[in-house]
Each structure stands twice: as structure tokens, then as C-alpha cells.
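Novice: You'll find final13.pdb just under this line, and it carries PDB, C-alpha atoms.
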ATOM      1  CA  MET A 648     -18.567   6.561  37.334
ATOM      2  CA  SER A 649     -16.519   5.618  34.313
ATOM      3  CA  ALA A 650     -13.424   6.838  32.505
ATOM      4  CA  TRP A 651     -11.962   6.485  29.034
ATOM      5  CA  SER A 652      -8.504   7.595  28.009
ATOM      6  CA  GLY A 653      -6.541   7.683  24.767
ATOM      7  CA  GLY A 654      -2.906   7.537  23.801
ATOM      8  CA  GLN A 655      -0.815   4.690  25.103
ATOM      9  CA  GLU A 656      -3.276   4.002  27.925
ATOM     10  CA  GLY A 657      -6.682   3.117  26.462
ATOM     11  CA  SER A 658      -8.302   1.072  29.237
ATOM     12  CA  ARG A 659     -11.820   1.569  30.576
ATOM     13  CA  ALA A 660     -13.006   1.391  34.175
ATOM     14  CA  GLU A 661     -16.505   1.485  35.692
ATOM     15  CA  VAL A 662     -16.737   1.990  39.458
ATOM     16  CA  LEU A 663     -19.931   1.815  41.550
ATOM     17  CA  GLN A 664     -19.366   3.273  45.024
ATOM     18  CA  HIS A 665     -21.415   2.029  48.017
ATOM     19  CA  ASP A 666     -21.636   3.197  51.627
ATOM     20  CA  LYS A 667     -19.074   0.591  52.519
ATOM     21  CA  GLY A 668     -16.704  -0.235  49.719
ATOM     22  CA  PHE A 669     -17.292  -0.257  45.976
ATOM     23  CA  GLU A 670     -17.726  -2.503  42.957
ATOM     24  CA  ALA A 671     -15.475  -2.098  39.938
ATOM     25  CA  GLU A 672     -15.292  -3.503  36.432
ATOM     26  CA  ILE A 673     -12.116  -2.877  34.458
ATOM     27  CA  PHE A 674     -11.538  -3.572  30.761
ATOM     28  CA  VAL A 675      -7.926  -4.163  29.737
ATOM     29  CA  PRO A 676      -7.252  -4.206  25.974
ATOM     30  CA  VAL A 677      -4.731  -6.830  24.907
ATOM     31  CA  TRP A 678      -2.974  -6.486  21.557
ATOM     32  CA  THR A 679      -2.428  -9.665  19.596
ATOM     33  CA  SER A 680      -1.895 -10.347  15.938
ATOM     34  CA  GLN A 681      -1.401 -13.114  13.425
ATOM     35  CA  LEU A 682       0.294 -12.626  10.089
ATOM     36  CA  PHE A 683       0.115 -15.101   7.230
ATOM     37  CA  VAL A 684       2.473 -14.611   4.287
ATOM     38  CA  SER A 685       2.479 -16.787   1.199
ATOM     39  CA  ASP A 686       3.989 -16.716  -2.277
ATOM     40  CA  TRP A 687       2.794 -18.500  -5.371
ATOM     41  CA  LEU A 688       3.292 -18.507  -9.121
ATOM     42  CA  GLN A 689       0.439 -18.392 -11.583
ATOM     43  CA  SER A 690       0.902 -18.523 -15.337
ATOM     44  CA  GLY A 691      -1.446 -16.708 -17.664
ATOM     45  CA  ALA A 692      -1.979 -13.581 -19.710
ATOM     46  CA  TYR A 693      -1.058 -10.214 -18.249
ATOM     47  CA  PRO A 694      -4.096  -8.314 -16.928
ATOM     48  CA  PHE A 695      -2.698  -5.175 -18.546
ATOM     49  CA  THR A 696       0.275  -4.149 -20.684
ATOM     50  CA  ALA A 697       2.116  -0.893 -21.248
ATOM     51  CA  THR A 698       4.863   0.788 -23.229
ATOM     52  CA  VAL A 699       6.925   3.811 -22.207
ATOM     53  CA  THR A 700       8.998   5.690 -24.773
ATOM     54  CA  PRO A 701      10.919   8.975 -24.409
ATOM     55  CA  GLN A 702       9.773  11.681 -26.804
ATOM     56  CA  GLU A 703      12.033  14.730 -26.589
ATOM     57  CA  ARG A 704      11.293  16.053 -23.069
ATOM     58  CA  ASN A 705       8.127  13.992 -22.653
ATOM     59  CA  TRP A 706       7.101  10.378 -22.110
ATOM     60  CA  GLN A 707       4.866   8.624 -24.627
ATOM     61  CA  VAL A 708       2.805   6.137 -22.589
ATOM     62  CA  THR A 709       0.351   3.525 -23.871
ATOM     63  CA  VAL A 710      -1.604   1.299 -21.475
ATOM     64  CA  GLU A 711      -4.029  -1.476 -22.446
ATOM     65  CA  ASN A 712      -6.488  -3.036 -20.004
ATOM     66  CA  HIS A 713      -7.157  -6.687 -20.912
ATOM     67  CA  LEU A 714      -9.680  -7.215 -18.108
ATOM     68  CA  ASP A 715     -13.467  -6.925 -18.277
ATOM     69  CA  ARG A 716     -13.459  -4.484 -15.344
ATOM     70  CA  GLU A 717     -12.042  -1.034 -14.717
ATOM     71  CA  LEU A 718      -8.571  -0.596 -13.258
ATOM     72  CA  LYS A 719      -8.310   2.318 -10.847
ATOM     73  CA  ASP A 720      -5.673   4.758  -9.607
ATOM     74  CA  LEU A 721      -3.000   4.006 -12.191
ATOM     75  CA  ARG A 722       0.421   5.380 -11.300
ATOM     76  CA  LEU A 723       3.563   5.373 -13.410
ATOM     77  CA  VAL A 724       7.008   5.542 -11.814
ATOM     78  CA  VAL A 725       9.872   6.312 -14.179
ATOM     79  CA  ARG A 726      13.312   7.817 -13.551
ATOM     80  CA  ASP A 727      12.498   8.386  -9.858
ATOM     81  CA  ARG A 728       9.397  10.452 -10.643
ATOM     82  CA  ILE A 729       5.779   9.399 -10.154
ATOM     83  CA  TYR A 730       2.827  10.306 -12.380
ATOM     84  CA  THR A 731      -0.899   9.861 -11.690
ATOM     85  CA  LEU A 732      -2.752   8.457 -14.719
ATOM     86  CA  GLY A 733      -6.276   8.004 -13.316
ATOM     87  CA  ASN A 734      -8.585   5.078 -14.151
ATOM     88  CA  LEU A 735      -8.611   2.804 -17.202
ATOM     89  CA  PRO A 736     -11.942   1.388 -18.495
ATOM     90  CA  PRO A 737     -12.255  -2.339 -19.281
ATOM     91  CA  LYS A 738     -10.903  -3.587 -22.607
ATOM     92  CA  LYS A 739      -9.591  -0.130 -23.470
ATOM     93  CA  VAL A 740      -6.298   1.313 -24.702
ATOM     94  CA  SER A 741      -5.152   4.687 -23.410
ATOM     95  CA  SER A 742      -2.316   6.703 -24.958
ATOM     96  CA  LEU A 743      -1.020   9.910 -23.457
ATOM     97  CA  VAL A 744       2.000  12.170 -23.385
ATOM     98  CA  LEU A 745       3.489  13.098 -20.007
ATOM     99  CA  GLU A 746       5.857  15.959 -19.376
ATOM    100  CA  GLN A 747       8.942  14.800 -17.497
ATOM    101  CA  THR A 748       7.988  16.940 -14.510
ATOM    102  CA  GLY A 749       6.221  14.448 -12.264
ATOM    103  CA  ALA A 750       6.505  14.508  -8.480
ATOM    104  CA  LEU A 751       9.814  13.309  -7.068
ATOM    105  CA  LEU A 752       9.373   9.757  -5.815
ATOM    106  CA  SER A 753      11.672  10.322  -2.825
ATOM    107  CA  GLU A 754       9.548  13.267  -1.652
ATOM    108  CA  VAL A 755       6.286  11.335  -2.010
ATOM    109  CA  VAL A 756       7.701   8.377  -0.071
ATOM    110  CA  GLN A 757       9.192  10.624   2.609
ATOM    111  CA  GLN A 758       5.908  12.502   3.124
ATOM    112  CA  ASN A 759       3.883   9.314   3.587
ATOM    113  CA  SER A 760       6.309   6.882   5.225
ATOM    114  CA  GLY A 761       6.094   8.586   8.632
ATOM    115  CA  GLN A 762       2.842   6.778   9.383
ATOM    116  CA  PHE A 763       4.581   3.431   8.818
ATOM    117  CA  MET A 764       7.257   4.278  11.380
ATOM    118  CA  THR A 765       4.594   5.460  13.847
ATOM    119  CA  ALA A 766       2.640   2.235  13.415
ATOM    120  CA  ALA A 767       5.763   0.104  13.919
ATOM    121  CA  GLN A 768       6.700   1.973  17.098
ATOM    122  CA  SER A 769       3.138   1.837  18.475
ATOM    123  CA  ARG A 770       3.070  -1.941  18.127
ATOM    124  CA  GLN A 771       5.855  -2.210  20.691
ATOM    125  CA  HIS A 772       3.205  -1.571  23.362
ATOM    126  CA  ALA A 773       1.016  -4.529  24.279
ATOM    127  CA  PHE A 774      -1.685  -2.395  25.920
ATOM    128  CA  GLY A 775      -3.448   0.826  25.106
ATOM    129  CA  ASP A 776      -5.027   2.647  22.209
ATOM    130  CA  ASN A 777      -4.419   0.955  18.861
ATOM    131  CA  ALA A 778      -5.628   3.688  16.486
ATOM    132  CA  SER A 779      -2.097   4.683  15.447
ATOM    133  CA  ARG A 780      -1.182   1.062  14.728
ATOM    134  CA  LEU A 781      -3.668   0.657  11.910
ATOM    135  CA  LEU A 782      -2.719   1.412   8.308
ATOM    136  CA  GLU A 783      -5.376   1.737   5.644
ATOM    137  CA  LEU A 784      -4.993  -0.668   2.750
ATOM    138  CA  ASN A 785      -5.257   1.649  -0.245
ATOM    139  CA  PRO A 786      -3.314   2.182  -3.492
ATOM    140  CA  ALA A 787      -1.520   5.272  -2.166
ATOM    141  CA  ASN A 788      -0.038   3.458   0.845
ATOM    142  CA  LEU A 789       0.856   0.396  -1.220
ATOM    143  CA  ALA A 790       2.588   2.572  -3.805
ATOM    144  CA  VAL A 791       4.765   4.046  -1.053
ATOM    145  CA  VAL A 792       5.526   0.578   0.349
ATOM    146  CA  SER A 793       6.609  -0.557  -3.117
ATOM    147  CA  PHE A 794       9.412   2.041  -3.051
ATOM    148  CA  ILE A 795      10.119   2.316   0.666
ATOM    149  CA  SER A 796      13.890   2.186  -0.009
ATOM    150  CA  ARG A 797      13.585   5.793  -1.232
ATOM    151  CA  THR A 798      13.045   6.888   2.380
ATOM    152  CA  LEU A 799      15.730   9.333   3.485
ATOM    153  CA  ASN A 800      17.278   8.163   6.767
ATOM    154  CA  ALA A 801      19.126  11.174   8.113
ATOM    155  CA  GLY A 802      20.393  11.924  11.606
ATOM    156  CA  PRO A 803      22.624  10.133  14.115
ATOM    157  CA  ASN A 804      20.260   7.131  14.462
ATOM    158  CA  PRO A 805      18.810   6.407  11.011
ATOM    159  CA  ARG A 806      16.098   3.779  10.753
ATOM    160  CA  GLY A 807      15.007   1.733   7.784
ATOM    161  CA  PHE A 808      12.535  -0.967   6.841
ATOM    162  CA  VAL A 809      13.215  -4.651   6.238
ATOM    163  CA  CYS A 810      11.130  -5.963   3.324
ATOM    164  CA  PRO A 811      10.483  -9.467   1.985
ATOM    165  CA  SER A 812      12.181 -10.252  -1.304
ATOM    166  CA  GLY A 813      10.184  -8.906  -4.240
ATOM    167  CA  LEU A 814       8.087  -6.410  -2.268
ATOM    168  CA  GLU A 815      10.355  -3.405  -2.811
ATOM    169  CA  LEU A 816      10.741  -2.326  -6.451
ATOM    170  CA  GLY A 817      13.500   0.257  -6.169
ATOM    171  CA  ALA A 818      15.901  -2.141  -7.903
ATOM    172  CA  VAL A 819      13.650  -2.131 -10.994
ATOM    173  CA  LEU A 820      14.075   1.640 -11.290
ATOM    174  CA  ASP A 821      17.822   1.331 -10.696
ATOM    175  CA  HIS A 822      17.941  -1.125 -13.610
ATOM    176  CA  GLY A 823      16.487   1.579 -15.860
ATOM    177  CA  ASP A 824      12.922   0.269 -16.214
ATOM    178  CA  ALA A 825       9.635   1.954 -15.346
ATOM    179  CA  VAL A 826       6.940   0.564 -13.032
ATOM    180  CA  LEU A 827       3.200   0.816 -13.645
ATOM    181  CA  LEU A 828       0.829   0.371 -10.689
ATOM    182  CA  ALA A 829      -2.906  -0.330 -11.014
ATOM    183  CA  TRP A 830      -5.524  -0.909  -8.295
ATOM    184  CA  ASP A 831      -7.949  -3.812  -8.823
ATOM    185  CA  PRO A 832     -10.483  -3.495  -5.964
ATOM    186  CA  GLY A 833     -12.633  -6.435  -4.954
ATOM    187  CA  HIS A 834     -10.569  -9.014  -6.830
ATOM    188  CA  ALA A 835      -7.614 -11.310  -6.208
ATOM    189  CA  PRO A 836      -5.351 -13.320  -8.556
ATOM    190  CA  GLY A 837      -7.301 -16.305  -9.792
ATOM    191  CA  ASN A 838     -10.427 -14.718  -8.252
ATOM    192  CA  SER A 839     -10.512 -17.459  -5.619
ATOM    193  CA  SER A 840      -9.823 -17.561  -1.906
ATOM    194  CA  MET A 841      -6.832 -19.314  -0.325
ATOM    195  CA  ASN A 842      -8.754 -19.809   2.928
ATOM    196  CA  ARG A 843      -9.371 -23.325   4.163
ATOM    197  CA  PHE A 844     -11.740 -22.098   6.859
ATOM    198  CA  LYS A 845     -14.787 -19.843   7.135
ATOM    199  CA  THR A 846     -14.169 -16.207   8.000
ATOM    200  CA  VAL A 847     -16.549 -13.681   9.518
ATOM    201  CA  ARG A 848     -15.138 -10.879   7.370
ATOM    202  CA  SER A 849     -13.105 -10.938   4.198
ATOM    203  CA  ARG A 850     -11.811  -8.444   1.673
ATOM    204  CA  ARG A 851      -9.877  -8.946  -1.534
ATOM    205  CA  ASP A 852      -8.033  -6.125  -3.268
ATOM    206  CA  THR A 853      -4.986  -6.311  -5.524
ATOM    207  CA  LEU A 854      -2.300  -3.833  -6.487
ATOM    208  CA  LEU A 855      -1.052  -4.904  -9.911
ATOM    209  CA  ARG A 856       2.600  -3.985 -10.497
ATOM    210  CA  LEU A 857       4.194  -4.186 -13.926
ATOM    211  CA  ALA A 858       7.856  -3.589 -14.802
ATOM    212  CA  VAL A 859       7.977  -1.782 -18.156
ATOM    213  CA  PRO A 860      11.233  -1.549 -20.156
ATOM    214  CA  ILE A 861      11.757   1.978 -21.454
ATOM    215  CA  GLY A 862      11.855   1.967 -25.244
ATOM    216  CA  ARG A 863      14.152   3.923 -27.489
ATOM    217  CA  SER A 864      13.241   7.454 -28.442
ATOM    218  CA  LYS A 865      11.583   7.872 -31.814
ATOM    219  CA  PRO A 866      13.635   9.639 -34.495
TER     220      PRO A 866
END
Show this structure as C-alpha cells.
Specialist:
Amino acid sequence: MSAWSGGQEGSRAEVLQHDKGFEAEIFVPVWTSQLFVSDWLQSGAYPFTATVTPQERNWQVTVENHLDRELKDLRLVVRDRIYTLGNLPPKKVSSLVLEQTGALLSEVVQQNSGQFMTAAQSRQHAFGDNASRLLELNPANLAVVSFISRTLNAGPNPRGFVCPSGLELGAVLDHGDAVLLAWDPGHAPGNSSMNRFKTVRSRRDTLLRLAVPIGRSKP
């Protein structure tokens, strides 16, 4: 006889009943974690560059990929609106005109930030199912994290997020600049590992984030 359960209680028990008494084996999941955070500076050429210029009711955008690999899931955030630009081939320049009708950044952040709050609350429990505690590392989630200050905290007990300095880019938008995001899967800055030990599993992905001053409109 065995039993599995989900939710907060995710333990497993196997019980073998005899004529007199029983034998039991119980598995108790224990939640532990380690978090390593580091900052470093690395000089060198920009992996990609961009210009953003107003053109009547549109945005004139030019992006150049200086890398020898494709950049994926480009997103442009300007004037509290977010635009999806797609992928950019290696060593290519892409120019496009965007109507100033992109999705509202606050709505995009609000729709996706609920999973962050759920994960934070679930990690208060040391035992049980951990499915809701896991967040997928993808460009969509990282884009939301980059502007988590746009979360609307309404109600009698509003809650917010505390971010390390430099993670949240809302101040860049408040300054009047645009932000270009690009996903570089399978690579890390310097293309080398910081580990000083062997790991069973490893994964390296990078979200490139570029502050772009908005140019003057063309006459």
C-alpha cells in the first residue's frame, strides 16, 4: 500500500501490513537551497547596438548584431510600452518602423508577476510539493523581472519585491531612455565558466540588456 499527495504535503509512504504489526517506509522531502550572486565588470565591444528615433506617430528602430550567432526573442521597451521584434541573424542589421501602440508594460508585468509571488510564498514551507516554487528561466520571465517595479500593488496589504541594485531597469525608462532586450541562449559573458569545481549539470544563458537613448525626431 502506498500513497502520494500533492499541494503543501508531498510526502510518500509505503506500508506493508503483516498478521501482527506492519512495516513502513516513509519519504520526507526536505527543501534546501543555495544561492550564489556575483557581480563583475568586463570591458569590450557591445554584442549589439541599437538606435531608437521618433518618426511622427511611429518609432524608427535599427538594431545591429555584432556576434557570430543569432540573438533571439528581441524585445524593445520604450515609453512604458513593450514591442516584440523577433530574432536577429548574426552579423546583420535590421531596421523597422513600429507603431506606438505596443502592449502596456504595466499590464504585461502584472499578468506574469503573479507566479513570482506564488513561488516566494511557497518557499516559506520547508516540506511538501515544490512544483509551484520553480520558475522557468526564459526571456519572457526575465523581461518581467527587469521591470518588476511596474507591478501594481493595490489593496490594504500591498506587497512588493526587493531587487539587487542594477537588476530592475524601471529607472532607465523614467530617465527617458529605451531598453532593448535580447536572449543569447547557450552562452555567457566571456564564454567561460566561473565555477571552481565540477558540476553534474550546467546551463549558460544570457539576457542582454541595452539602454538606448531616444534620438530626436527627424524633420
Novice: Could you give me, as a list in words, the residues within 9 Å of stretch 715-720 of chain A, counting only C-alpha atoms and dropping anything in the same chain fewer than 4 positions from it?
Specialist: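 Here the qualifying residues turn out to be Thr731, Leu732, Gly733, Asn734, Leu735, Pro736, Pro737, Lys738, Pro786, Ala787, Leu828, Ala829, Trp830, Asp831 and Pro832 of chain A.
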Novice: Rounded to one decimal place, report the atom CA of A:Thr709-atom CA of A:Ala697 distance in Å.
Specialist: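 Atom CA of A:Ala697 lies 5.4 Å from atom CA of A:Thr709.
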Novice: Counting all atoms listed in the file, which residues have an atom no more than 12 Å from (5.2, 7.3, 9.2) in the file's coordinates? Please list them as a count of residues only.
Specialist: 27
Novice: Which distance in Å separates atom CA of A:Asn712 and atom CA of A:Arg856, to one decimal?
Specialist: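 Pair atom CA of A:Asn712 / atom CA of A:Arg856 returns 13.2 Å.
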Novice: Between A:Ala835, A:Leu745, A:Leu751, A:Val724, single out the one closest to A:Ser793, counting only C-alpha atoms.
Specialist: A:Val724
Novice: Apply the PyMOL selection byres ((chain A and resi 693) around 10) to the structure shown and report the selected residues as a VMD selection string.
Specialist: chain A and resid 690 to 692 694 to 696 712 to 714 855 857
Novice: Tell me, in Å to one decimal, how far atom CA of A:Ser741 is from atom CA of A:Gly813.
Specialist: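 Atom CA of A:Gly813 lies at a distance of 28.1 Å from atom CA of A:Ser741.
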Novice: Can you find the residues with an atom no farther than 7 Å from (7.4, 8.5, -9.2), counting only C-alpha atoms, and report them as a PyMOL selection string?
Specialist: chain A and resi 723-725+727-730+749-752
Novice: So, counting only C-alpha atoms, which residue among A:Gln747, A:Gln689, A:Ser753, A:Gln664 is closest to A:Gln702?
Specialist: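 Nearest to A:Gln702: A:Gln747.
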